[in-house]
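Structure file start21.txt (compact mmCIF, C-alpha atoms and all ligand atoms) is printed below.
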# COMPACT_ATOMS: atom_id res chain seq x y z
CA MET A 1 -119.73 75.37 49.61
CA PRO A 2 -115.97 74.97 50.41
CA ILE A 3 -116.86 74.09 54.04
CA LYS A 4 -119.27 71.42 52.79
CA PHE A 5 -116.59 70.08 50.48
CA LEU A 6 -114.00 70.04 53.33
CA GLY A 7 -116.47 68.26 55.60
CA GLY A 8 -117.04 65.56 52.96
CA LEU A 9 -113.31 65.10 52.54
CA ILE A 10 -112.72 64.74 56.30
CA PHE A 11 -115.62 62.26 56.47
CA ILE A 12 -114.10 60.09 53.69
CA LEU A 13 -110.68 60.26 55.34
CA LEU A 14 -112.18 59.21 58.67
CA ILE A 15 -113.87 56.21 57.02
CA ILE A 16 -110.54 55.13 55.45
CA ILE A 17 -108.61 55.47 58.73
CA LEU A 18 -111.35 53.67 60.70
CA SER A 19 -111.56 50.72 58.30
CA TRP A 20 -107.74 50.46 58.31
CA LEU A 21 -107.78 50.31 62.13
CA LEU A 22 -110.84 48.06 62.46
CA PHE A 23 -109.90 45.47 59.82
CA PRO A 24 -106.28 44.50 60.52
CA LYS A 25 -106.78 41.36 58.41
CA VAL A 26 -107.24 43.48 55.28
CA ARG A 27 -104.05 45.33 56.22
CA LEU A 28 -102.14 42.06 56.77
CA ILE A 29 -103.27 40.48 53.51
CA SER A 30 -102.27 43.48 51.48
CA GLN A 31 -98.92 43.54 53.32
CA LYS A 32 -98.40 39.84 52.48
CA GLN A 33 -99.35 40.44 48.86
CA LYS A 34 -96.82 43.25 48.74
CA GLU A 35 -94.14 40.92 50.15
CA LEU A 36 -94.97 38.22 47.61
CA MET A 37 -94.75 40.71 44.76
CA ASN A 38 -91.32 41.77 45.96
CA GLN A 39 -89.60 38.41 46.23
CA GLN A 40 -86.68 39.23 43.96
CA GLU A 41 -84.57 39.06 47.12
CA ILE A 42 -85.45 37.11 50.27
CA ILE A 43 -83.44 37.70 53.44
CA LEU A 44 -83.39 34.34 55.23
CA PRO A 45 -84.03 34.04 58.97
CA GLN A 46 -80.91 33.38 61.07
CA PRO A 47 -80.01 29.66 61.29
CA SER A 48 -79.85 27.95 64.67
CA LYS A 49 -76.47 26.77 66.01
CA ARG A 50 -78.06 24.36 68.49
CA SER A 51 -79.81 21.02 68.15
CA GLU A 52 -81.33 18.28 70.28
CA THR A 53 -79.58 15.61 68.17
CA SER A 54 -75.90 14.75 68.53
CA ILE A 55 -73.64 14.54 65.47
CA GLU A 56 -73.13 10.83 66.26
CA GLU A 57 -76.90 10.13 66.26
CA THR A 58 -77.30 12.11 63.03
CA LEU A 59 -74.51 10.15 61.34
CA SER A 60 -75.85 6.79 62.44
CA GLU A 61 -79.43 7.61 61.36
CA ARG A 62 -78.65 9.23 58.00
CA ARG A 63 -80.30 7.38 55.07
CA SER A 64 -81.37 8.38 51.61
CA VAL A 65 -85.11 9.13 51.54
CA ARG A 66 -86.98 9.27 48.21
CA GLU A 67 -90.63 9.75 49.22
CA TYR A 68 -92.00 12.90 50.84
CA LYS A 69 -95.27 14.29 52.15
CA ASP A 70 -96.92 16.84 49.88
CA GLU A 71 -96.47 19.53 52.54
CA PRO A 72 -94.54 22.81 52.47
CA LEU A 73 -91.25 23.43 54.25
CA THR A 74 -90.77 26.57 56.33
CA LEU A 75 -88.37 29.38 55.49
CA GLN A 76 -86.57 28.58 58.76
CA GLU A 77 -85.91 25.01 57.56
CA ILE A 78 -84.71 26.31 54.17
CA SER A 79 -82.43 28.80 55.93
CA GLN A 80 -80.92 26.06 58.08
CA ILE A 81 -80.28 23.69 55.15
CA LEU A 82 -78.71 26.38 52.90
CA TRP A 83 -76.54 27.56 55.77
CA ALA A 84 -75.35 23.98 56.30
CA ALA A 85 -74.50 23.72 52.59
CA GLN A 86 -72.49 26.94 52.14
CA GLY A 87 -73.27 29.35 54.98
CA ILE A 88 -70.64 31.80 56.19
CA THR A 89 -69.26 30.90 59.63
CA ALA A 90 -66.13 33.10 59.72
CA PRO A 91 -67.35 36.49 58.45
CA LEU A 92 -63.95 38.22 58.57
CA ARG A 93 -62.26 35.80 56.16
CA GLY A 94 -65.46 34.53 54.52
CA GLY A 95 -65.02 30.96 55.85
CA ARG A 96 -67.97 28.65 55.24
CA THR A 97 -69.55 25.50 56.75
CA ALA A 98 -67.83 23.36 54.07
CA PRO A 99 -64.09 23.47 53.30
CA SER A 100 -62.87 24.83 49.96
CA ALA A 101 -59.50 24.38 48.21
CA GLY A 102 -57.69 27.73 48.47
CA ALA A 103 -60.92 29.22 49.90
CA LEU A 104 -61.99 29.89 46.30
CA TYR A 105 -65.60 28.68 46.71
CA PRO A 106 -66.49 27.38 43.24
CA LEU A 107 -69.98 26.10 44.23
CA GLU A 108 -73.33 27.82 43.72
CA VAL A 109 -76.40 26.48 45.50
CA TYR A 110 -79.92 26.92 44.10
CA LEU A 111 -83.29 26.48 45.77
CA ILE A 112 -85.98 25.16 43.46
CA ALA A 113 -89.07 26.04 45.47
CA ARG A 114 -92.38 24.31 44.80
CA LYS A 115 -93.93 24.53 48.27
CA VAL A 116 -92.30 26.78 50.85
CA ASP A 117 -94.42 28.81 53.33
CA GLY A 118 -94.52 32.43 52.21
CA VAL A 119 -92.29 31.91 49.16
CA GLU A 120 -93.47 31.98 45.56
CA PRO A 121 -92.56 28.91 43.47
CA GLY A 122 -89.37 29.65 41.55
CA VAL A 123 -85.63 29.16 41.21
CA TYR A 124 -83.52 31.10 43.72
CA ARG A 125 -79.74 31.44 43.99
CA TYR A 126 -78.37 31.26 47.54
CA LEU A 127 -76.07 34.16 48.39
CA PRO A 128 -73.94 33.20 51.42
CA GLU A 129 -72.95 36.86 51.93
CA GLY A 130 -76.03 38.29 53.61
CA HIS A 131 -77.60 34.79 53.93
CA LYS A 132 -80.25 35.56 51.32
CA LEU A 133 -81.94 34.27 48.19
CA ASN A 134 -82.03 35.94 44.81
CA ARG A 135 -84.77 34.86 42.41
CA VAL A 136 -83.50 33.86 38.98
CA LEU A 137 -86.72 32.30 37.60
CA GLU A 138 -90.41 32.53 38.49
CA GLY A 139 -92.74 29.52 38.62
CA ASP A 140 -92.59 25.84 39.50
CA VAL A 141 -89.99 24.03 37.36
CA SER A 142 -89.83 20.81 39.41
CA ASP A 143 -91.63 18.71 36.77
CA SER A 144 -89.17 19.84 34.04
CA LEU A 145 -86.27 19.20 36.44
CA CYS A 146 -87.66 15.71 37.05
CA GLY A 147 -87.81 15.21 33.24
CA ALA A 148 -84.12 16.15 33.00
CA ALA A 149 -83.25 13.45 35.58
CA LEU A 150 -84.68 10.23 34.10
CA ARG A 151 -88.06 11.15 35.61
CA GLN A 152 -86.92 10.28 39.14
CA ALA A 153 -90.16 10.89 41.06
CA SER A 154 -88.51 12.20 44.23
CA ILE A 155 -87.63 15.43 42.35
CA ARG A 156 -91.21 16.12 41.27
CA GLU A 157 -92.75 15.14 44.60
CA ALA A 158 -90.44 17.05 46.94
CA PRO A 159 -91.62 20.49 48.10
CA VAL A 160 -88.10 21.75 47.33
CA ASN A 161 -84.98 20.68 45.46
CA LEU A 162 -81.51 22.07 45.93
CA VAL A 163 -79.07 22.07 43.04
CA ILE A 164 -75.32 22.33 43.54
CA GLY A 165 -73.68 23.94 40.53
CA ALA A 166 -69.96 24.43 39.92
CA LEU A 167 -67.95 27.21 38.33
CA TYR A 168 -64.71 25.25 37.74
CA GLU A 169 -62.77 28.29 36.57
CA ARG A 170 -62.74 29.77 40.07
CA THR A 171 -60.56 26.83 41.17
CA THR A 172 -58.74 25.72 37.98
CA ARG A 173 -57.46 29.31 37.57
CA LYS A 174 -55.18 28.56 40.51
CA TYR A 175 -54.81 24.77 40.50
CA GLY A 176 -55.08 23.88 36.80
CA GLU A 177 -56.49 20.40 35.92
CA ARG A 178 -56.28 19.28 39.55
CA GLY A 179 -58.82 21.95 40.40
CA ILE A 180 -61.51 19.81 38.71
CA ARG A 181 -60.94 17.13 41.34
CA TYR A 182 -61.08 19.73 44.10
CA VAL A 183 -64.45 21.07 42.89
CA HIS A 184 -65.97 17.56 42.92
CA LEU A 185 -64.63 16.90 46.41
CA GLU A 186 -66.17 20.17 47.59
CA ALA A 187 -69.59 19.28 46.17
CA GLY A 188 -69.36 16.09 48.26
CA HIS A 189 -68.63 18.11 51.40
CA ALA A 190 -71.56 20.45 50.79
CA ALA A 191 -73.92 17.55 49.96
CA GLN A 192 -72.95 15.64 53.12
CA ASN A 193 -73.58 18.79 55.17
CA ILE A 194 -77.05 18.94 53.59
CA TYR A 195 -77.69 15.24 54.35
CA LEU A 196 -76.73 15.69 58.01
CA GLN A 197 -78.64 18.96 58.50
CA VAL A 198 -81.76 17.50 56.86
CA GLN A 199 -81.49 14.41 59.09
CA SER A 200 -81.09 16.57 62.18
CA LEU A 201 -84.23 18.55 61.25
CA GLY A 202 -86.20 15.29 60.99
CA LEU A 203 -86.66 15.70 57.22
CA GLY A 204 -85.62 13.43 54.33
CA THR A 205 -83.33 13.82 51.32
CA VAL A 206 -81.34 11.99 48.65
CA VAL A 207 -78.49 13.16 46.44
CA ILE A 208 -79.16 12.66 42.72
CA GLY A 209 -76.32 12.44 40.22
CA ALA A 210 -78.18 10.78 37.32
CA PHE A 211 -79.37 13.61 35.04
CA ASP A 212 -78.70 15.31 31.73
CA ASP A 213 -76.40 18.29 32.42
CA GLU A 214 -77.57 20.33 29.42
CA GLU A 215 -81.26 19.80 30.19
CA VAL A 216 -80.80 20.80 33.83
CA LYS A 217 -78.89 23.91 32.74
CA GLU A 218 -81.73 24.81 30.40
CA VAL A 219 -84.47 24.26 33.01
CA LEU A 220 -82.64 26.40 35.58
CA ASN A 221 -81.33 28.94 33.08
CA LEU A 222 -77.77 28.45 34.38
CA PRO A 223 -74.91 30.44 32.86
CA GLU A 224 -73.01 28.60 30.08
CA GLU A 225 -69.90 27.97 32.24
CA GLU A 226 -71.85 26.61 35.24
CA ILE A 227 -72.21 22.81 35.52
CA PRO A 228 -74.86 21.16 37.73
CA LEU A 229 -73.33 18.43 39.93
CA TYR A 230 -76.15 17.34 42.22
CA ILE A 231 -79.94 17.62 42.44
CA ILE A 232 -81.07 17.22 46.06
CA PRO A 233 -84.80 16.88 46.80
CA VAL A 234 -85.83 17.60 50.42
CA GLY A 235 -89.16 17.02 52.13
CA LYS A 236 -91.02 15.74 55.13
CA ILE A 237 -90.64 12.00 55.62
CA VAL A 238 -93.66 9.76 54.97
CA VAL A 239 -93.98 7.73 58.15
CA ALA A 240 -94.75 4.05 57.42
CA LYS A 241 -98.10 2.90 58.91
C1 LIG A 301 -72.53 10.32 43.51
C2 LIG A 301 -73.89 9.78 43.90
C3 LIG A 301 -74.92 9.77 42.98
C4 LIG A 301 -76.20 9.31 43.34
N1 LIG A 301 -77.21 9.39 42.44
C5 LIG A 301 -78.45 8.96 42.80
C6 LIG A 301 -79.53 9.06 41.88
O1 LIG A 301 -79.40 9.52 40.75
N2 LIG A 301 -80.76 8.67 42.31
C7 LIG A 301 -80.97 8.15 43.58
O2 LIG A 301 -82.12 7.83 43.90
N3 LIG A 301 -79.97 8.04 44.46
C8 LIG A 301 -78.70 8.43 44.12
N4 LIG A 301 -77.68 8.36 45.02
C9 LIG A 301 -77.94 7.89 46.40
C10 LIG A 301 -77.47 6.43 46.58
O3 LIG A 301 -78.31 5.56 45.84
C11 LIG A 301 -77.49 6.07 48.06
O4 LIG A 301 -76.60 6.90 48.77
C12 LIG A 301 -77.12 4.59 48.28
O5 LIG A 301 -78.14 3.75 47.83
C13 LIG A 301 -76.80 4.28 49.75
O6 LIG A 301 -77.95 4.52 50.55
P1 LIG A 301 -77.91 5.53 51.79
O7 LIG A 301 -77.60 6.89 51.27
O8 LIG A 301 -79.28 5.44 52.40
O9 LIG A 301 -76.86 5.07 52.75
C14 LIG A 301 -76.40 8.80 44.66
C15 LIG A 301 -75.35 8.82 45.59
C16 LIG A 301 -74.12 9.31 45.23
C17 LIG A 301 -73.00 9.34 46.26

Written as structure tokens, how would this file's structure read?
Amino acid sequence: MPIKFLGGLIFILLIIILSWLLFPKVRLISQKQKELMNQQEIILPQPSKRSETSIEETLSERRSVREYKDEPLTLQEISQILWAAQGITAPLRGGRTAPSAGALYPLEVYLIARKVDGVEPGVYRYLPEGHKLNRVLEGDVSDSLCGAALRQASIREAPVNLVIGALYERTTRKYGERGIRYVHLEAGHAAQNIYLQVQSLGLGTVVIGAFDDEEVKEVLNLPEEEIPLYIIPVGKIVVAK
């Protein structure tokens, strides 16, 4: 009787091992599902430091683009754009792609993902240290974000939006009232980096300043002391026929 029982057990185990080996697709899907369930933190792929386009070409071709294809962006593209905005380029002293008064870094960058390959819709905070994303909200909030910005359609239609938020205290602690000016100048630097990186990737973007601060804060669940300065939709350009 125990031998029969053992034989049955070995048979069942063999079936499980065989199906695992013979149906890799099943294995891959369940692996992907596991990854999707565990998207609290997303380590971004390394950004590229090379490009086919010169900085001069990128500057001369930069334009604001407000219409996008309804197609997802890749995580590689997201990684590149976030790195351009606030990525760390001097790890020892924490220096970033954009300058910062007193190296105090008062800006926070958020990814509002609607359609990104392999990423669940949601709101993610970019963490320059470690070049990763931390999810702060689940689900697609792009329609509510559009509602908070005079219903500007580019926000709802883009596969992703970036939001640049500011924590003034990080800079005014040292520079007083003048720190407010510094924070706004820094948001401009980060936004221009985004414009140029997006252009160089062959994608389209526009910076949006017309929105209700309180509504945006509510939609993104921002901390009380954090003020949104820019909403920046990004997507693939619709080529005119
Ligand atoms: C501070 C600021 C706020 C802006 N706000 C908006 C906006 O709310 N909506 C929009 O569609 N474009 C906005 N823009 C983009 C401008 O309309 C755009 O840069 C301008 O028309 C010049 O076009 P170009 O960027 O293609 O050179 C803003 C630009 C800046 C600098």

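When all atoms listed in the file are used to compute distances to ligand LIG 301 (chain A), the closest of the residues A:Glu120, A:Glu61, A:Glu226, A:Glu177 turns out to be A:Glu61.
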
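Atom CA of A:Tyr126 to atom CA of A:Ala101 spans 20.1 Å [interatomic distance, one decimal].
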
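The residue set within 7 Å of stretch 189-199 of chain A, counting only C-alpha atoms and dropping same-chain residues fewer than 4 places from it, reads A:Thr58, A:Leu59, A:Arg62, A:Ile81, A:Ala84, A:Ala85, A:Gln86, A:Ala98, A:Leu185, A:Leu203, A:Gly204, A:Thr205.
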
Mind writing the picked residues with C-alpha atoms as a short mmCIF file (atom, residue, chain, number, x, y, z; two decimals), in the coordinates of the input?
data_model
loop_
_atom_site.label_atom_id
_atom_site.label_comp_id
_atom_site.auth_asym_id
_atom_site.auth_seq_id
_atom_site.Cartn_x
_atom_site.Cartn_y
_atom_site.Cartn_z
CA THR A 58 -77.30 12.11 63.03
CA LEU A 59 -74.51 10.15 61.34
CA ARG A 62 -78.65 9.23 58.00
CA ILE A 81 -80.28 23.69 55.15
CA ALA A 84 -75.35 23.98 56.30
CA ALA A 85 -74.50 23.72 52.59
CA GLN A 86 -72.49 26.94 52.14
CA ALA A 98 -67.83 23.36 54.07
CA LEU A 185 -64.63 16.90 46.41
CA LEU A 203 -86.66 15.70 57.22
CA GLY A 204 -85.62 13.43 54.33
CA THR A 205 -83.33 13.82 51.32
#

For the contact check between chain A and ligand LIG 301 (chain A), emit one row per residue of chain A within 12 Å, containing the shortest atom pair and the distance in Å rounded to one decimal, counting all atoms listed in the file, chain then rising number order, as CSV.
residue,atom,partner,partner_atom,distance
A:Leu59,CA,A:LIG301,O9,10.3
A:Ser60,CA,A:LIG301,O9,9.9
A:Glu61,CA,A:LIG301,O8,9.2
A:Arg62,CA,A:LIG301,O8,6.8
A:Arg63,CA,A:LIG301,O8,3.5
A:Ser64,CA,A:LIG301,O8,3.7
A:Val65,CA,A:LIG301,O8,7.0
A:Arg66,CA,A:LIG301,O2,6.7
A:Glu67,CA,A:LIG301,O2,10.2
A:Cys146,CA,A:LIG301,O1,11.0
A:Ala148,CA,A:LIG301,O1,11.2
A:Ala149,CA,A:LIG301,O1,7.5
A:Leu150,CA,A:LIG301,O1,8.5
A:Arg151,CA,A:LIG301,O1,10.2
A:Gln152,CA,A:LIG301,N2,7.1
A:Ala153,CA,A:LIG301,O2,9.1
A:Ser154,CA,A:LIG301,O2,7.7
A:Ile155,CA,A:LIG301,O2,9.5
A:His184,CA,A:LIG301,C1,9.8
A:Leu185,CA,A:LIG301,C1,10.7
A:Ala187,CA,A:LIG301,C1,9.8
A:Gly188,CA,A:LIG301,C17,7.9
A:His189,CA,A:LIG301,C17,11.1
A:Ala191,CA,A:LIG301,C17,9.1
A:Gln192,CA,A:LIG301,C17,9.3
A:Tyr195,CA,A:LIG301,O7,8.9
A:Leu196,CA,A:LIG301,O7,11.1
A:Gln199,CA,A:LIG301,O8,11.4
A:Gly204,CA,A:LIG301,O8,10.4
A:Thr205,CA,A:LIG301,O7,9.0
A:Val206,CA,A:LIG301,C9,5.8
A:Val207,CA,A:LIG301,N4,5.1
A:Ile208,CA,A:LIG301,O1,3.7
A:Gly209,CA,A:LIG301,N1,3.9
A:Ala210,CA,A:LIG301,O1,3.9
A:Phe211,CA,A:LIG301,O1,7.0
A:Asp212,CA,A:LIG301,O1,10.7
A:Leu229,CA,A:LIG301,C1,8.9
A:Tyr230,CA,A:LIG301,C3,7.7
A:Ile231,CA,A:LIG301,O1,8.3
A:Ile232,CA,A:LIG301,C5,9.3
A:Pro233,CA,A:LIG301,O2,9.9

Same residues, C-alpha atoms, saved as an mmCIF file, in the coordinates of the input:
data_model
loop_
_atom_site.group_PDB
_atom_site.id
_atom_site.type_symbol
_atom_site.label_atom_id
_atom_site.label_comp_id
_atom_site.auth_asym_id
_atom_site.auth_seq_id
_atom_site.Cartn_x
_atom_site.Cartn_y
_atom_site.Cartn_z
ATOM 1 C CA LEU A 59 -74.510 10.150 61.340
ATOM 2 C CA SER A 60 -75.850 6.790 62.440
ATOM 3 C CA GLU A 61 -79.430 7.610 61.360
ATOM 4 C CA ARG A 62 -78.650 9.230 58.000
ATOM 5 C CA ARG A 63 -80.300 7.380 55.070
ATOM 6 C CA SER A 64 -81.370 8.380 51.610
ATOM 7 C CA VAL A 65 -85.110 9.130 51.540
ATOM 8 C CA ARG A 66 -86.980 9.270 48.210
ATOM 9 C CA GLU A 67 -90.630 9.750 49.220
ATOM 10 C CA CYS A 146 -87.660 15.710 37.050
ATOM 11 C CA ALA A 148 -84.120 16.150 33.000
ATOM 12 C CA ALA A 149 -83.250 13.450 35.580
ATOM 13 C CA LEU A 150 -84.680 10.230 34.100
ATOM 14 C CA ARG A 151 -88.060 11.150 35.610
ATOM 15 C CA GLN A 152 -86.920 10.280 39.140
ATOM 16 C CA ALA A 153 -90.160 10.890 41.060
ATOM 17 C CA SER A 154 -88.510 12.200 44.230
ATOM 18 C CA ILE A 155 -87.630 15.430 42.350
ATOM 19 C CA HIS A 184 -65.970 17.560 42.920
ATOM 20 C CA LEU A 185 -64.630 16.900 46.410
ATOM 21 C CA ALA A 187 -69.590 19.280 46.170
ATOM 22 C CA GLY A 188 -69.360 16.090 48.260
ATOM 23 C CA HIS A 189 -68.630 18.110 51.400
ATOM 24 C CA ALA A 191 -73.920 17.550 49.960
ATOM 25 C CA GLN A 192 -72.950 15.640 53.120
ATOM 26 C CA TYR A 195 -77.690 15.240 54.350
ATOM 27 C CA LEU A 196 -76.730 15.690 58.010
ATOM 28 C CA GLN A 199 -81.490 14.410 59.090
ATOM 29 C CA GLY A 204 -85.620 13.430 54.330
ATOM 30 C CA THR A 205 -83.330 13.820 51.320
ATOM 31 C CA VAL A 206 -81.340 11.990 48.650
ATOM 32 C CA VAL A 207 -78.490 13.160 46.440
ATOM 33 C CA ILE A 208 -79.160 12.660 42.720
ATOM 34 C CA GLY A 209 -76.320 12.440 40.220
ATOM 35 C CA ALA A 210 -78.180 10.780 37.320
ATOM 36 C CA PHE A 211 -79.370 13.610 35.040
ATOM 37 C CA ASP A 212 -78.700 15.310 31.730
ATOM 38 C CA LEU A 229 -73.330 18.430 39.930
ATOM 39 C CA TYR A 230 -76.150 17.340 42.220
ATOM 40 C CA ILE A 231 -79.940 17.620 42.440
ATOM 41 C CA ILE A 232 -81.070 17.220 46.060
ATOM 42 C CA PRO A 233 -84.800 16.880 46.800
#

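In this model, the gap between atom CA of A:Ser79 and atom CA of A:Val123 comes to 15.1 Å.
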
Pick out the residues sitting within 12 Å of A:Asn134, and hand them over as a ChimeraX atom specification; count all atoms listed in the file, and ignore anything fewer than 5 positions along from it in its own chain. /A:38-44,108-112,119,122-129

Option closest in space to A:Lys217, from A:Ser144, A:Gly118, A:Thr172, A:Ala158 [counting only C-alpha atoms]: A:Ser144

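Distances from A:Gly235, A:Gly202, A:Pro72, A:Gly179 to A:Asn161 were compared using all atoms listed in the file, and the smallest one belongs to A:Gly235.
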
Once 4 Å is added on each side, what are the centre and the three edge lengths, in Å to one decimal, of the axis-aligned box enclosing the listed atoms of stretch 180-197 of chain A? Present them as JSON.
{"center_x": -69.8, "center_y": 18.2, "center_z": 48.6, "size_x": 25.7, "size_y": 13.8, "size_z": 27.8}

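Closest approach to A:Ile78 among A:Glu218, A:Leu9, A:Leu201, A:Glu138 is made by A:Leu201 (distances from all atoms listed in the file).
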
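Counting all atoms listed in the file, A:Arg170 has the following residues at most 8 Å away, ignoring those fewer than 3 positions along the same chain: Leu104, Tyr105, Pro106, Leu167, Arg173 and Lys174 of chain A.
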
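Atom CA of A:Gln80 sits 4.9 Å away from atom CA of A:Pro47.
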
Just give me the residues with any atom within 12 Å of (-76.0, 30.0, 65.3), file coordinates, counting only C-alpha atoms, written as an MDAnalysis selection string. chainID A and resid 45:51 79:80 83:84 87:90 97

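Of the residues listed (A:Asp117, A:Gly139, A:Thr53, A:Val160), A:Val160 shows the shortest atom-to-atom separation from A:Val234; distances use only C-alpha atoms.
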